[in-house]
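Student: Before I ask anything, here is the structure I am working with.
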Amino acid sequence: MARVLIAGGGIAGTITAIALQEVGHEPVLYEASGRGVGGVGAFLTLAVNGLDALRPFGLKPLVKAAGFDTPRMTIGLGNGHRLAEFPLGEPLPDGTTSQTIGRADLYRALREEADRRGVPTSYDKRLTAATQTSSQVTAQFEDGTATSGDLLIGADGLRSRVRRIIDPTAPEPRYVPLLNTGGRVTGLDLGDEPGVMHMAFGRKAFFAHVVHPDRSVWWFANVPRATEPDRAELAALRGPVWRAALLRLFARDRFPAARIIEATEEIYRPWATYDFPSVPVWHRGRIGIIGDAAHATSPAAGQGASMAIEDAVTLARCLRDVPETALATFESLRRTRVEAVVAQGKRNSDAKGAPGPVGRLLRDFFLARTLSKPSAEDPNEFMWSHRIDWAAPVSA
Ligand SMILES: Cc1cc2nc3c(=O)[nH]c(=O)nc-3n(C[C@H](O)[C@H](O)[C@H](O)COP(=O)(O)OP(=O)(O)OC[C@H]3O[C@@H](n4cnc5c(N)ncnc54)[C@H](O)[C@@H]3O)c2cc1C
């Protein structure tokens with residue numbers, strides 16, 4: 001049995017802890033933030049591949065209870081034409097479809113479940129440094145405390161400290177030239193079927209909305225922005241200024257973006273998009289990284305959370321079957337797939353860029369032509385169709 005220190009109690013960290021406990025190891029979670037995860041906030045769509053990976057741990061019903069079915073999406077243009085309607089991945093054999101879920105609700109559900117299963121978790125515990133010998137690793141925290149274990153897993157997200165510890169020359173996240181924003185609205189009747197994600201390439205920005213079964217409308221927008229904004233620039237985009245900017249961007253589009261934005265009481269303050277085309281070092285000795293720390297992808301892939309889940313389950317398989325080489329085996333099983341997902345996310349993001357009037361015409365033309373082909377293969381399909389066989393033994 002290994003004592004596995006996990007820095008980061010987000011998606012990857014919490015599920016890794018639950019899965020490791022299942023296979024008889026001793027996980028201990030350290031989360032930098034406080035126990036509370038906030039209230040209403042941004043949301044994500046958890047794809048069928050991620051949901052399937054949760055099955056062996058009985059976590060799928062928990063996630064489904066906190067989210068809502070999102071089986072299909074439509075794609076449209078600023079002129080109001082709907083180009084296509086697709087399933088968001090084939091449903092799982094038990095009928096489970098993609099789930100849209102508030103980030104805070106997902107974190108809360110996972111953390112409560114880890115508590116219920118007795119996973120020791122410490123909050124307000126920010127890892128700052130780690131050292132290792134041939135027999136153990138010691139993690140140090142901002143509050144001056146330290147603890148030792150057999151392994152340290154950095155599940156500490158995009159700005160991972162552990163990534164820097166194992167490789168001081170690790171790359172910085174790449175800026176993907178889009179800002180994200182969104183919101184939730186009640187009392188707006190769009191007449192849409194609940195659970196269908198409507199995505200639209202507008203004249204100047206990208207917009208998506210989905211109606212919750214309670215009839216509230218959840219939406220997000222991607223706004224092209226060529227240069228990386230600093231904190232002050234992002235902070236200035238708030239309140240009436242940000243609302244007016246968004247309304248200008250969508251003013252001439254014939255999908256209901258402007259109507260939805262106008263009706264939204266609290267529009268999320270924008271945040272920038274980042275990814276990692278490739279992080280060269282994933283492990284050194286007894287320390288490794290998983291999830292966004294190793295391979296953050298643009299949200300346009302719709303896969304960051306699912307990749308974190310797949311990582312957690314794969315790492316637990318490796319620690320179950322090949323504990324001596326677990327970190328290297330994990331990398332050999334995951335690197336090709338996650339880098340392909342990051343690349344697909346970048347392509348999806350690029351399609352949302354600011355093309356200018358001629359570029360826009362070309363983009364709309366090619367989108368219409370590609371999506372109208374009955375045999376058109378969805379380039380996202382490889383992401384959704386991936387399955388992990390939990391029971392199958394891993395070899396080194
Ligand atoms: C706007 C947006 C939309 C998205 N949409 C989707 C989507 O539709 N579908 C999808 O699948 N994914 C989506 N994602 C991506 C998804 O949220 C992430 O990929 C996923 O959360 C990664 O999980 P993680 O556990 O690796 O990192 P996180 O969930 O970020 O968790 C990292 C945790 O580590 C903690 N931490 C950080 N530093 C330290 C430290 N030094 N010590 C201890 N703890 C630390 C943090 O507080 C945090 O709790 C989206 C992301 C964004 C930003």
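Letters A, B, ... mark the chains of the structure tokens in the order given; residue numbers begin at 1 per chain; ligand numbers begin at 1, in order shown.
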If you take only C-alpha atoms and all ligand atoms and a cut-off of 7 Å, which residues of chain A touch ligand 1, and what are their nearest atom pairs and distances in Å to one decimal, in chain and number order, as a tab-separated table?
Tutor:
residue	atom	partner	partner_atom_place_in_ligand_line	distance
A:Ala7	CA	ligand 1	43 (C)	4.4
A:Gly8	CA	ligand 1	34 (O)	3.3
A:Gly9	CA	ligand 1	49 (O)	4.7
A:Gly10	CA	ligand 1	31 (O)	3.4
A:Ile11	CA	ligand 1	25 (O)	3.7
A:Ala12	CA	ligand 1	25 (O)	3.6
A:Gly13	CA	ligand 1	25 (O)	5.5
A:Tyr30	CA	ligand 1	43 (C)	5.4
A:Glu31	CA	ligand 1	44 (N)	4.0
A:Ala32	CA	ligand 1	44 (N)	3.9
A:Ser33	CA	ligand 1	47 (O)	5.1
A:Ala42	CA	ligand 1	1 (C)	6.6
A:Phe43	CA	ligand 1	3 (C)	6.6
A:Leu44	CA	ligand 1	8 (O)	3.6
A:Thr45	CA	ligand 1	8 (O)	3.8
A:Leu46	CA	ligand 1	11 (O)	4.9
A:Ala47	CA	ligand 1	11 (O)	6.4
A:Lys125	CA	ligand 1	43 (C)	5.9
A:Arg126	CA	ligand 1	42 (N)	3.7
A:Leu127	CA	ligand 1	42 (N)	3.9
A:Thr128	CA	ligand 1	41 (N)	5.8
A:Ala155	CA	ligand 1	26 (O)	5.3
A:Asp156	CA	ligand 1	34 (O)	3.4
A:Gly157	CA	ligand 1	27 (O)	3.8
A:Leu158	CA	ligand 1	30 (O)	6.3
A:Arg159	CA	ligand 1	38 (N)	6.7
A:Ser160	CA	ligand 1	38 (N)	5.6
A:Arg161	CA	ligand 1	41 (N)	5.2
A:Asn180	CA	ligand 1	1 (C)	6.0
A:Ile290	CA	ligand 1	26 (O)	6.4
A:Gly291	CA	ligand 1	26 (O)	3.5
A:Asp292	CA	ligand 1	26 (O)	3.8
A:Ala293	CA	ligand 1	26 (O)	5.8
A:Ala296	CA	ligand 1	19 (O)	5.9
A:Thr297	CA	ligand 1	19 (O)	6.6
A:Pro299	CA	ligand 1	4 (C)	4.4
A:Gly302	CA	ligand 1	9 (N)	3.6
A:Gln303	CA	ligand 1	11 (O)	3.5
A:Gly304	CA	ligand 1	19 (O)	3.0
A:Ala305	CA	ligand 1	11 (O)	3.5
A:Ser306	CA	ligand 1	11 (O)	4.8
A:Met307	CA	ligand 1	11 (O)	7.0
A:Ala308	CA	ligand 1	23 (O)	5.1
Student: I need the residues from that last selection saved to file as a PDB file, in the first residue's frame (with C-alpha atoms), if you can.
Tutor:
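Output (out09.pdb):
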ATOM      1  CA  ALA A   7      -1.873  18.342  -4.336  1.00  0.00           C
ATOM      2  CA  GLY A   8      -5.137  19.756  -5.720  1.00  0.00           C
ATOM      3  CA  GLY A   9      -8.665  18.795  -4.761  1.00  0.00           C
ATOM      4  CA  GLY A  10     -10.256  19.647  -8.131  1.00  0.00           C
ATOM      5  CA  ILE A  11     -11.578  17.093 -10.588  1.00  0.00           C
ATOM      6  CA  ALA A  12      -8.404  15.081 -11.240  1.00  0.00           C
ATOM      7  CA  GLY A  13      -7.226  15.111  -7.623  1.00  0.00           C
ATOM      8  CA  TYR A  30      -4.287  18.753  -0.027  1.00  0.00           C
ATOM      9  CA  GLU A  31      -6.335  21.583  -1.522  1.00  0.00           C
ATOM     10  CA  ALA A  32      -5.095  25.173  -1.657  1.00  0.00           C
ATOM     11  CA  SER A  33      -8.511  26.800  -1.377  1.00  0.00           C
ATOM     12  CA  ALA A  42     -19.411  28.891 -14.811  1.00  0.00           C
ATOM     13  CA  PHE A  43     -20.458  25.497 -16.062  1.00  0.00           C
ATOM     14  CA  LEU A  44     -19.008  22.764 -18.221  1.00  0.00           C
ATOM     15  CA  THR A  45     -20.240  19.898 -20.311  1.00  0.00           C
ATOM     16  CA  LEU A  46     -18.948  16.532 -19.225  1.00  0.00           C
ATOM     17  CA  ALA A  47     -18.620  14.244 -22.218  1.00  0.00           C
ATOM     18  CA  LYS A 125      -3.202  23.733   2.217  1.00  0.00           C
ATOM     19  CA  ARG A 126      -1.183  25.169  -0.671  1.00  0.00           C
ATOM     20  CA  LEU A 127       1.804  23.091  -1.706  1.00  0.00           C
ATOM     21  CA  THR A 128       4.858  25.264  -2.237  1.00  0.00           C
ATOM     22  CA  ALA A 155      -3.330  17.648  -9.704  1.00  0.00           C
ATOM     23  CA  ASP A 156      -2.948  21.358  -9.144  1.00  0.00           C
ATOM     24  CA  GLY A 157      -4.335  22.699 -12.394  1.00  0.00           C
ATOM     25  CA  LEU A 158      -3.229  25.074 -15.112  1.00  0.00           C
ATOM     26  CA  ARG A 159      -0.750  27.056 -12.953  1.00  0.00           C
ATOM     27  CA  SER A 160       0.658  23.907 -11.337  1.00  0.00           C
ATOM     28  CA  ARG A 161       3.388  24.355  -8.767  1.00  0.00           C
ATOM     29  CA  ASN A 180     -14.639  33.430 -22.133  1.00  0.00           C
ATOM     30  CA  ILE A 290      -1.983  14.831 -14.092  1.00  0.00           C
ATOM     31  CA  GLY A 291      -5.014  16.752 -15.405  1.00  0.00           C
ATOM     32  CA  ASP A 292      -4.657  20.397 -16.427  1.00  0.00           C
ATOM     33  CA  ALA A 293      -1.245  20.480 -14.748  1.00  0.00           C
ATOM     34  CA  ALA A 296      -4.662  21.798 -20.145  1.00  0.00           C
ATOM     35  CA  THR A 297      -6.804  22.062 -23.254  1.00  0.00           C
ATOM     36  CA  PRO A 299     -12.449  24.728 -23.322  1.00  0.00           C
ATOM     37  CA  GLY A 302     -15.187  20.307 -24.166  1.00  0.00           C
ATOM     38  CA  GLN A 303     -12.804  17.713 -22.717  1.00  0.00           C
ATOM     39  CA  GLY A 304     -10.722  19.192 -19.889  1.00  0.00           C
ATOM     40  CA  ALA A 305     -12.845  17.628 -17.158  1.00  0.00           C
ATOM     41  CA  SER A 306     -13.149  14.328 -19.012  1.00  0.00           C
ATOM     42  CA  MET A 307      -9.369  14.203 -19.544  1.00  0.00           C
ATOM     43  CA  ALA A 308      -8.891  14.828 -15.817  1.00  0.00           C
TER      44      ALA A 308
END
Student: Please list as a ChimeraX atom specification every residue within 12 Å of A:Val23, counting only C-alpha atoms and excluding residues in the same chain fewer than 2 positions away.
Tutor: /A:1-2,16-21,25-27,56-57,313,315-321,323,390-391
Student: Got time to write the residues from that selection, C-alpha atoms, as a compact mmCIF listing (two decimals), in the first residue's frame?
Tutor:
# COMPACT_ATOMS: atom_id res chain seq x y z
CA MET A 1 0.00 0.00 0.00
CA ALA A 2 1.41 3.39 -0.98
CA THR A 16 -7.65 10.03 -8.19
CA ALA A 17 -8.05 9.87 -4.41
CA ILE A 18 -11.34 7.97 -4.66
CA ALA A 19 -9.95 5.53 -7.24
CA LEU A 20 -6.72 4.92 -5.30
CA GLN A 21 -8.65 4.18 -2.15
CA HIS A 25 -3.72 2.63 -1.54
CA GLU A 26 -3.71 5.45 0.98
CA PRO A 27 -4.45 8.78 -0.75
CA PRO A 56 -16.41 1.59 -11.78
CA PHE A 57 -16.45 3.91 -8.75
CA VAL A 313 -8.69 6.34 -13.53
CA LEU A 315 -3.23 6.46 -12.85
CA ALA A 316 -5.15 4.30 -10.37
CA ARG A 317 -4.93 1.33 -12.78
CA CYS A 318 -1.18 1.84 -13.07
CA LEU A 319 -0.72 2.07 -9.30
CA ARG A 320 -2.85 -1.05 -8.91
CA ASP A 321 -1.01 -3.17 -11.48
CA PRO A 323 3.25 0.30 -8.86
CA TRP A 390 -10.93 -0.56 -15.63
CA ALA A 391 -10.78 -4.32 -15.12
Student: Would you pick out the contacts of A:Ser372 at 10 Å or less, using only C-alpha atoms, so that residues sharing its chain but fewer than 5 positions from it are not included, and give the list as a PyMOL selection string?
Tutor: chain A and resi 83-84+366-367
Student: Leaving out A:Val210 and any residue of its chain fewer than 3 positions from it, which residues lie within 12 Å of it when counting only C-alpha atoms, given as a ChimeraX atom specification?
Tutor: /A:43-45,68-74,99-101,182-185,189-200,207,213-220,256-257,260
Student: What would the file look like if the residues just selected were written as a short mmCIF file (atom, residue, chain, number, x, y, z; two decimals), in the first residue's frame with N, CA and C atoms?
Tutor:
data_model
loop_
_atom_site.label_atom_id
_atom_site.label_comp_id
_atom_site.auth_asym_id
_atom_site.auth_seq_id
_atom_site.Cartn_x
_atom_site.Cartn_y
_atom_site.Cartn_z
N PHE A 43 -20.06 26.90 -15.95
CA PHE A 43 -20.46 25.50 -16.06
C PHE A 43 -19.64 24.82 -17.14
N LEU A 44 -19.70 23.50 -17.17
CA LEU A 44 -19.01 22.76 -18.22
C LEU A 44 -19.87 21.60 -18.66
N THR A 45 -19.52 21.07 -19.82
CA THR A 45 -20.24 19.90 -20.31
C THR A 45 -19.30 18.71 -20.22
N PHE A 68 -27.42 17.98 -15.90
CA PHE A 68 -28.60 17.64 -16.70
C PHE A 68 -28.19 17.12 -18.07
N ASP A 69 -29.05 16.26 -18.62
CA ASP A 69 -28.74 15.61 -19.90
C ASP A 69 -28.56 16.65 -21.00
N THR A 70 -27.49 16.48 -21.77
CA THR A 70 -27.23 17.36 -22.92
C THR A 70 -26.84 16.48 -24.10
N PRO A 71 -27.81 15.80 -24.69
CA PRO A 71 -27.46 14.78 -25.68
C PRO A 71 -27.06 15.32 -27.04
N ARG A 72 -27.49 16.55 -27.38
CA ARG A 72 -27.26 17.00 -28.77
C ARG A 72 -26.80 18.44 -28.81
N MET A 73 -26.23 18.78 -29.97
CA MET A 73 -25.90 20.19 -30.19
C MET A 73 -26.28 20.58 -31.61
N THR A 74 -26.55 21.86 -31.79
CA THR A 74 -26.76 22.38 -33.14
C THR A 74 -25.65 23.38 -33.43
N GLN A 99 -23.40 15.48 -19.90
CA GLN A 99 -24.08 16.22 -18.83
C GLN A 99 -23.54 17.64 -18.76
N THR A 100 -24.44 18.60 -18.67
CA THR A 100 -24.01 19.97 -18.38
C THR A 100 -24.16 20.18 -16.89
N ILE A 101 -23.12 20.76 -16.31
CA ILE A 101 -23.08 20.82 -14.83
C ILE A 101 -22.31 22.06 -14.39
N GLY A 182 -20.02 34.28 -19.75
CA GLY A 182 -21.27 33.51 -19.78
C GLY A 182 -22.21 33.97 -18.69
N GLY A 183 -23.23 33.18 -18.46
CA GLY A 183 -24.19 33.51 -17.42
C GLY A 183 -25.35 32.54 -17.43
N ARG A 184 -26.29 32.79 -16.53
CA ARG A 184 -27.51 31.99 -16.46
C ARG A 184 -28.68 32.95 -16.30
N VAL A 185 -29.78 32.66 -16.97
CA VAL A 185 -30.95 33.55 -16.96
C VAL A 185 -32.20 32.75 -16.61
N ASP A 189 -38.27 32.82 -22.08
CA ASP A 189 -38.78 31.66 -22.82
C ASP A 189 -38.32 31.72 -24.27
N LEU A 190 -37.35 30.86 -24.61
CA LEU A 190 -36.83 30.85 -25.98
C LEU A 190 -37.55 29.81 -26.83
N GLY A 191 -38.36 28.99 -26.18
CA GLY A 191 -39.07 27.94 -26.92
C GLY A 191 -38.17 26.78 -27.33
N ASP A 192 -36.97 26.72 -26.77
CA ASP A 192 -36.03 25.65 -27.14
C ASP A 192 -36.27 24.40 -26.30
N GLU A 193 -35.94 23.25 -26.91
CA GLU A 193 -36.02 21.99 -26.17
C GLU A 193 -34.90 21.97 -25.12
N PRO A 194 -35.20 21.61 -23.87
CA PRO A 194 -34.12 21.55 -22.87
C PRO A 194 -33.06 20.53 -23.27
N GLY A 195 -31.82 20.85 -22.93
CA GLY A 195 -30.73 19.90 -23.12
C GLY A 195 -30.10 19.91 -24.51
N VAL A 196 -30.54 20.77 -25.39
CA VAL A 196 -29.88 20.86 -26.71
C VAL A 196 -28.96 22.08 -26.67
N MET A 197 -27.67 21.84 -26.88
CA MET A 197 -26.69 22.93 -26.85
C MET A 197 -26.67 23.61 -28.22
N HIS A 198 -27.07 24.86 -28.27
CA HIS A 198 -27.09 25.59 -29.54
C HIS A 198 -25.83 26.44 -29.64
N MET A 199 -25.02 26.14 -30.64
CA MET A 199 -23.77 26.88 -30.82
C MET A 199 -23.87 27.70 -32.10
N ALA A 200 -23.33 28.90 -32.08
CA ALA A 200 -23.45 29.74 -33.27
C ALA A 200 -22.18 30.55 -33.50
N PHE A 207 -21.18 32.12 -29.76
CA PHE A 207 -22.17 32.09 -28.68
C PHE A 207 -22.77 30.70 -28.57
N PRO A 213 -33.56 21.86 -17.76
CA PRO A 213 -34.93 21.36 -17.58
C PRO A 213 -35.79 22.29 -16.70
N ASP A 214 -35.17 23.11 -15.85
CA ASP A 214 -35.99 24.05 -15.05
C ASP A 214 -36.31 25.33 -15.84
N ARG A 215 -35.97 25.33 -17.15
CA ARG A 215 -36.24 26.41 -18.12
C ARG A 215 -35.27 27.58 -18.01
N SER A 216 -34.33 27.55 -17.07
CA SER A 216 -33.34 28.64 -17.09
C SER A 216 -32.42 28.42 -18.30
N VAL A 217 -31.84 29.51 -18.77
CA VAL A 217 -30.97 29.44 -19.95
C VAL A 217 -29.53 29.63 -19.49
N TRP A 218 -28.66 28.66 -19.83
CA TRP A 218 -27.24 28.74 -19.49
C TRP A 218 -26.49 29.07 -20.78
N TRP A 219 -25.60 30.04 -20.72
CA TRP A 219 -24.93 30.43 -21.96
C TRP A 219 -23.45 30.75 -21.72
N PHE A 220 -22.69 30.63 -22.81
CA PHE A 220 -21.31 31.14 -22.76
C PHE A 220 -20.99 31.79 -24.10
N PRO A 256 -30.34 34.25 -30.70
CA PRO A 256 -30.85 35.09 -29.60
C PRO A 256 -29.82 35.58 -28.59
N ALA A 257 -28.54 35.73 -29.01
CA ALA A 257 -27.50 36.12 -28.05
C ALA A 257 -27.84 37.43 -27.35
N ILE A 260 -30.54 37.17 -24.82
CA ILE A 260 -30.13 36.42 -23.62
C ILE A 260 -29.20 37.29 -22.75
#
Student: Would you list, as number ranges by chain, the residues of stretch 155-258 of chain A that end up in alpha helix (DSSP H) under DSSP run on this structure's backbone?
Tutor: A: 161-166, 231-236, 239-250, 257-258
Student: Using the chain letters and numbers from this document, which residues of stretch 283-324 of chain A does DSSP assign to strand (DSSP E), as a PyMOL selection string?
Tutor: chain A and resi 283-284+287-289
Student: Go ahead and write the selection's residues with C-alpha atoms as a PDB file, in the first residue's frame.
Tutor:
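What follows is the written file result-v9.pdb:
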ATOM      1  CA  HIS A 283       7.209  12.857 -13.750  1.00  0.00           C
ATOM      2  CA  ARG A 284      10.504  12.806 -11.946  1.00  0.00           C
ATOM      3  CA  ILE A 287       6.544  13.016  -8.251  1.00  0.00           C
ATOM      4  CA  GLY A 288       4.137  13.231 -11.198  1.00  0.00           C
ATOM      5  CA  ILE A 289       1.475  15.543 -12.664  1.00  0.00           C
TER       6      ILE A 289
END
Student: Name the closest residue to A:Ala129 among the candidates A:Ala146, A:Thr314, A:Arg103, A:Asp115; distances are taken between atoms, counting only C-alpha atoms.
Tutor: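 So, comparing all the options, the nearest one is A:Ala146.
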Student: Applying 10 Å and only C-alpha atoms, which residues near A:Ala109 remain after dropping the ones on its own chain fewer than 6 positions away? List them as a list in words.
Tutor: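 Contacts, in chain order: Leu59, Leu62, Val63, Ala65, Ala66, Arg103 and Asp115 of chain A.
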Student: Extract, using only C-alpha atoms, all DNA, RNA and protein residues at most 12 Å from stretch 239-247 of chain A, discarding same-chain residues fewer than 2 positions from it, and format them as a PyMOL selection string.
Tutor: chain A and resi 179-183+202+204-207+220-224+233-237+249-253+256-270
Student: Taking a cut-off of 12 Å and counting only C-alpha atoms, can you build a table that, for each residue of stretch 29-60 of chain A near stretch 91-95 of chain A, reports the nearest atom pair and how far apart they are in Å (one decimal), sorted by chain then residue number, as a tab-separated table?
Tutor:
residue	atom	partner	partner_atom	distance
A:Ala47	CA	A:Pro91	CA	9.7
A:Val48	CA	A:Leu92	CA	6.8
A:Asn49	CA	A:Leu92	CA	8.7
A:Gly50	CA	A:Leu92	CA	10.9
A:Leu51	CA	A:Leu92	CA	8.7
A:Asp52	CA	A:Leu92	CA	7.2
A:Ala53	CA	A:Leu92	CA	11.0
A:Arg55	CA	A:Leu92	CA	10.7
A:Lys60	CA	A:Asp94	CA	11.2
Student: May I have the residues from that selection written out with N, CA and C atoms, as a PDB file, in the first residue's frame?
Tutor:
ATOM      1  N   ALA A  47     -18.330  15.098 -21.063  1.00  0.00           N
ATOM      2  CA  ALA A  47     -18.620  14.244 -22.218  1.00  0.00           C
ATOM      3  C   ALA A  47     -18.779  12.776 -21.811  1.00  0.00           C
ATOM      4  N   VAL A  48     -19.335  11.972 -22.734  1.00  0.00           N
ATOM      5  CA  VAL A  48     -19.649  10.573 -22.406  1.00  0.00           C
ATOM      6  C   VAL A  48     -18.390   9.760 -22.064  1.00  0.00           C
ATOM      7  N   ASN A  49     -17.258  10.090 -22.679  1.00  0.00           N
ATOM      8  CA  ASN A  49     -16.035   9.340 -22.354  1.00  0.00           C
ATOM      9  C   ASN A  49     -15.640   9.543 -20.889  1.00  0.00           C
ATOM     10  N   GLY A  50     -15.781  10.767 -20.399  1.00  0.00           N
ATOM     11  CA  GLY A  50     -15.469  11.030 -18.997  1.00  0.00           C
ATOM     12  C   GLY A  50     -16.479  10.358 -18.075  1.00  0.00           C
ATOM     13  N   LEU A  51     -17.733  10.412 -18.448  1.00  0.00           N
ATOM     14  CA  LEU A  51     -18.773   9.798 -17.614  1.00  0.00           C
ATOM     15  C   LEU A  51     -18.576   8.288 -17.538  1.00  0.00           C
ATOM     16  N   ASP A  52     -18.218   7.691 -18.681  1.00  0.00           N
ATOM     17  CA  ASP A  52     -18.022   6.239 -18.685  1.00  0.00           C
ATOM     18  C   ASP A  52     -16.875   5.839 -17.748  1.00  0.00           C
ATOM     19  N   ALA A  53     -15.830   6.672 -17.726  1.00  0.00           N
ATOM     20  CA  ALA A  53     -14.669   6.349 -16.881  1.00  0.00           C
ATOM     21  C   ALA A  53     -15.023   6.372 -15.394  1.00  0.00           C
ATOM     22  N   ARG A  55     -17.716   5.131 -14.081  1.00  0.00           N
ATOM     23  CA  ARG A  55     -18.640   4.031 -13.757  1.00  0.00           C
ATOM     24  C   ARG A  55     -18.114   3.074 -12.670  1.00  0.00           C
ATOM     25  N   LYS A  60     -20.932   7.939 -11.358  1.00  0.00           N
ATOM     26  CA  LYS A  60     -21.734   8.472 -12.474  1.00  0.00           C
ATOM     27  C   LYS A  60     -23.098   9.000 -11.988  1.00  0.00           C
TER      28      LYS A  60
END
Student: Under the rule that only C-alpha atoms are counted, which of A:Arg254, A:Arg174, A:Arg335, A:Arg111 is the nearest residue to A:Ile15?
Tutor: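 For A:Ile15, the nearest of the given residues is A:Arg111.
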Student: For A:Asp167, please output as a VMD selection string all residues within 9 Å (counting only C-alpha atoms; exclusion window: fewer than 4 positions along the same chain).
Tutor: chain A and resid 162 to 163 280 to 284
Student: Go through A:Val279, A:Met383, A:Ala343, A:Ala326 one by one, measure the shortest atom-to-atom distance of each to A:Pro168 using only C-alpha atoms, and give the residue with the smallest value.
Tutor: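 So, comparing all the options, the nearest one is A:Val279.
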Student: Restricting the calculation to only C-alpha atoms, which member of A:Arg203, A:His209, A:Arg286, A:Arg238 is positioned closest to A:Gly356?
Tutor: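 Among A:Arg203, A:His209, A:Arg286, A:Arg238, it is A:Arg203 that comes nearest to A:Gly356.
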